[in-house]
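Here the structure is laid out as structure tokens; the discussion comes afterwards.
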Amino acid sequence: MPDPQLGADGRLNHLLSIDGLPPDTLTHILDTASSFLKVSDREVKKVPLLRGKSVFNLFFENSTRTRTTFEIAAKRLSADVINLDVGRSSTAKGETLLDTIDNLVAMHADMFVVRHASSGAPYLIAKHLRRVGRKDVHVINAGDGRHSHPTQGLLDMYTIRHFKRDFSGLTVVIVGDVLHSRVARSDIHALRILGAGEIRVVGPKTLLPSVIEHLGVRVFNDLAEGIRGCDVVIMLRLQNERMNGALLPSAGEYFQCYGLTPRILSLARPDAIVMHPGPMNRGVEIDSAVADSPRAVILSQVTFGIAVRMAVMSILAGN
Ligand code: CP
């Protein structure tokens, strides 16, 4: 079946998932983001690439980083940005997601940035737009359930490339609640496509998918073993909002076994970087002594996120 996010000519029409994207598409997005990072350093930070276009931010789930950086990115591209206040919108009165979309298309929307608790919601919107003949309206997945968070995966790759240059010799470890993490899935797909040397996941058995090896990763239940010799350490938050029932004895015990402390980090390579998609829970998955250390590149990830989101929107708009 053809990838629903690619047009008949192979061009990116929506960004729904990293899985299945050609390596050249990923590299093109990262290279384009490099040029936008330079724009962000200028005194006048705007370029006219999306002038006259309307970008609708539809966040049906909470967000600080993704929603705000998408808004900044769209404004730097000179788009008009509309942040739908979902809590006060007519979805609260029972309007369906697709009826909301039809109404916003009638308001001449050009692009939807969608975060939703249900896996597949952005796919549903993209499919609907094709059915109603609106291939000119683009959808960007800003995180759907536990499925995918493609722009987070891309900004994570941008960060790794920025600090480590080349993916081929790298050992990257992803630690924590992989089971509920859309970021982990997007990162694993992106790392594989870009040719990372070795991808590891570490976590308690209750927080690792049973078939995770099929994604081409090495699985560890012991943090010290999993982190040894790594170049990049990606820490994940416990996704309590997606857990059904108690999968852990307590947050304190989790920190004892899987929290990233300076002592545990000393087992990684001396120049290893520490990443986290945010929001961070200090004292649960990461010690403040690590989160605030020069090894942590967590705030660089946020800054790079603006350039990466500018790149994605600009490419979808045909620039
Ligand atoms: N990384 C991330 O998605 O953060 P937000 O939930 O704040 O958008």
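Numbering starts fresh at 1 for the residues of each chain in the structure tokens, the chains themselves are lettered A, B, ... in the order given, and ligands are numbered from 1 as they appear.
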**OP:** Could you pull out the residues sitting within 6 Å of ligand 1, using only C-alpha atoms and all ligand atoms, and write them as an MDAnalysis selection string?
**Re:** chainID A and resid 63:67 277:279
Can those selected residues be exported to a file as a short mmCIF file (atom, residue, chain, number, x, y, z; two decimals), in the first residue's frame so that it contains C-alpha atoms?
```cif
data_model
loop_
_atom_site.label_atom_id
_atom_site.label_comp_id
_atom_site.auth_asym_id
_atom_site.auth_seq_id
_atom_site.Cartn_x
_atom_site.Cartn_y
_atom_site.Cartn_z
CA SER A 63 1.67 20.45 25.36
CA THR A 64 4.23 23.11 26.18
CA ARG A 65 7.15 22.56 23.78
CA THR A 66 5.46 21.20 20.66
CA ARG A 67 2.52 23.62 20.54
CA PRO A 277 11.97 15.12 25.00
CA GLY A 278 10.36 16.78 28.02
CA PRO A 279 8.47 17.29 30.17
#
```
Original post:
Which residues come within 9 Å of stretch 104-117 of chain A, counting only C-alpha atoms, excluding same-chain residues fewer than 3 positions away, as number ranges by chain?
Top reply: A: 53-63, 67, 70, 99-101, 120-122, 134, 136-146, 149, 242, 313, 316-317
**OP:** Can you pull out every residue within 9 Å of A:Gly216, counting only C-alpha atoms, but drop anything in the same chain fewer than 6 positions away, and send it as a list in words?
**Re:**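 That gives Ile188, Arg192, Glu198, Ile199 and Arg200 of chain A.
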Those same residues, written as a compact mmCIF listing (two decimals), in the first residue's frame with N, CA, C and O atoms?
```txt
# COMPACT_ATOMS: atom_id res chain seq x y z
N ILE A 188 13.47 5.45 17.23
CA ILE A 188 14.02 4.17 16.75
C ILE A 188 13.93 4.10 15.22
O ILE A 188 14.90 3.76 14.53
N ARG A 192 17.23 4.11 12.73
CA ARG A 192 17.46 3.01 11.78
C ARG A 192 17.60 3.55 10.36
O ARG A 192 18.50 3.16 9.62
N GLU A 198 24.28 1.27 16.69
CA GLU A 198 23.56 0.34 17.57
C GLU A 198 22.49 1.12 18.33
O GLU A 198 22.77 2.21 18.84
N ILE A 199 21.29 0.55 18.39
CA ILE A 199 20.19 1.18 19.15
C ILE A 199 19.84 0.22 20.29
O ILE A 199 19.59 -0.96 20.06
N ARG A 200 19.83 0.77 21.51
CA ARG A 200 19.48 -0.05 22.68
C ARG A 200 18.24 0.55 23.35
O ARG A 200 18.05 1.77 23.31
```
Subject >> Non-local contacts of A:Arg269 (9 Å; only C-alpha atoms; under 5 positions in same chain excluded) as a list in words >> reply: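 Surrounding residues, per the criterion: Ile227, Arg228, Gly229, Cys230, Asp231 and Val232 of chain A.
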Please produce an output containing N, CA, C and O atoms for each residue in the selection, written as a PDB file, in the first residue's frame.
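Dumped everything to result_5.pdb:
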```
ATOM      1  N   ILE A 227      23.671   1.164  29.449  1.00  0.00           N
ATOM      2  CA  ILE A 227      24.232   2.498  29.184  1.00  0.00           C
ATOM      3  C   ILE A 227      25.751   2.442  28.921  1.00  0.00           C
ATOM      4  O   ILE A 227      26.324   3.389  28.383  1.00  0.00           O
ATOM      5  N   ARG A 228      26.351   1.309  29.237  1.00  0.00           N
ATOM      6  CA  ARG A 228      27.820   1.206  29.144  1.00  0.00           C
ATOM      7  C   ARG A 228      28.308   1.490  27.715  1.00  0.00           C
ATOM      8  O   ARG A 228      27.850   0.884  26.759  1.00  0.00           O
ATOM      9  N   GLY A 229      29.213   2.448  27.581  1.00  0.00           N
ATOM     10  CA  GLY A 229      29.838   2.730  26.289  1.00  0.00           C
ATOM     11  C   GLY A 229      28.974   3.488  25.299  1.00  0.00           C
ATOM     12  O   GLY A 229      29.359   3.629  24.135  1.00  0.00           O
ATOM     13  N   CYS A 230      27.829   4.024  25.745  1.00  0.00           N
ATOM     14  CA  CYS A 230      26.937   4.713  24.800  1.00  0.00           C
ATOM     15  C   CYS A 230      27.423   6.131  24.489  1.00  0.00           C
ATOM     16  O   CYS A 230      28.063   6.776  25.311  1.00  0.00           O
ATOM     17  N   ASP A 231      27.059   6.598  23.280  1.00  0.00           N
ATOM     18  CA  ASP A 231      27.388   7.966  22.858  1.00  0.00           C
ATOM     19  C   ASP A 231      26.245   8.935  23.144  1.00  0.00           C
ATOM     20  O   ASP A 231      26.460  10.126  23.301  1.00  0.00           O
ATOM     21  N   VAL A 232      25.039   8.393  23.105  1.00  0.00           N
ATOM     22  CA  VAL A 232      23.841   9.234  23.273  1.00  0.00           C
ATOM     23  C   VAL A 232      22.893   8.514  24.227  1.00  0.00           C
ATOM     24  O   VAL A 232      22.600   7.327  24.036  1.00  0.00           O
TER      25      VAL A 232
END
```
Subject >> Contacts of A:Met275 at 6 Å (only C-alpha atoms; same-chain gap of 4+ positions) as a ChimeraX atom specification >> reply: /A:234,297-298
**OP:** Name the residues in contact with stretch 78-80 of chain A at a cut-off of 8 Å, using only C-alpha atoms, excluding same-chain residues fewer than 2 positions from it; report them as a PyMOL selection string.
**Re:** chain A and resi 46-55+74-76+82
Subject >> stretch 74-281 of chain A: residues DSSP assigns to strand (DSSP E), reported as an MDAnalysis selection string >> reply: chainID A and resid 80:84 111:116 138:144 171:175 198:202 218:220 232:235 273:275
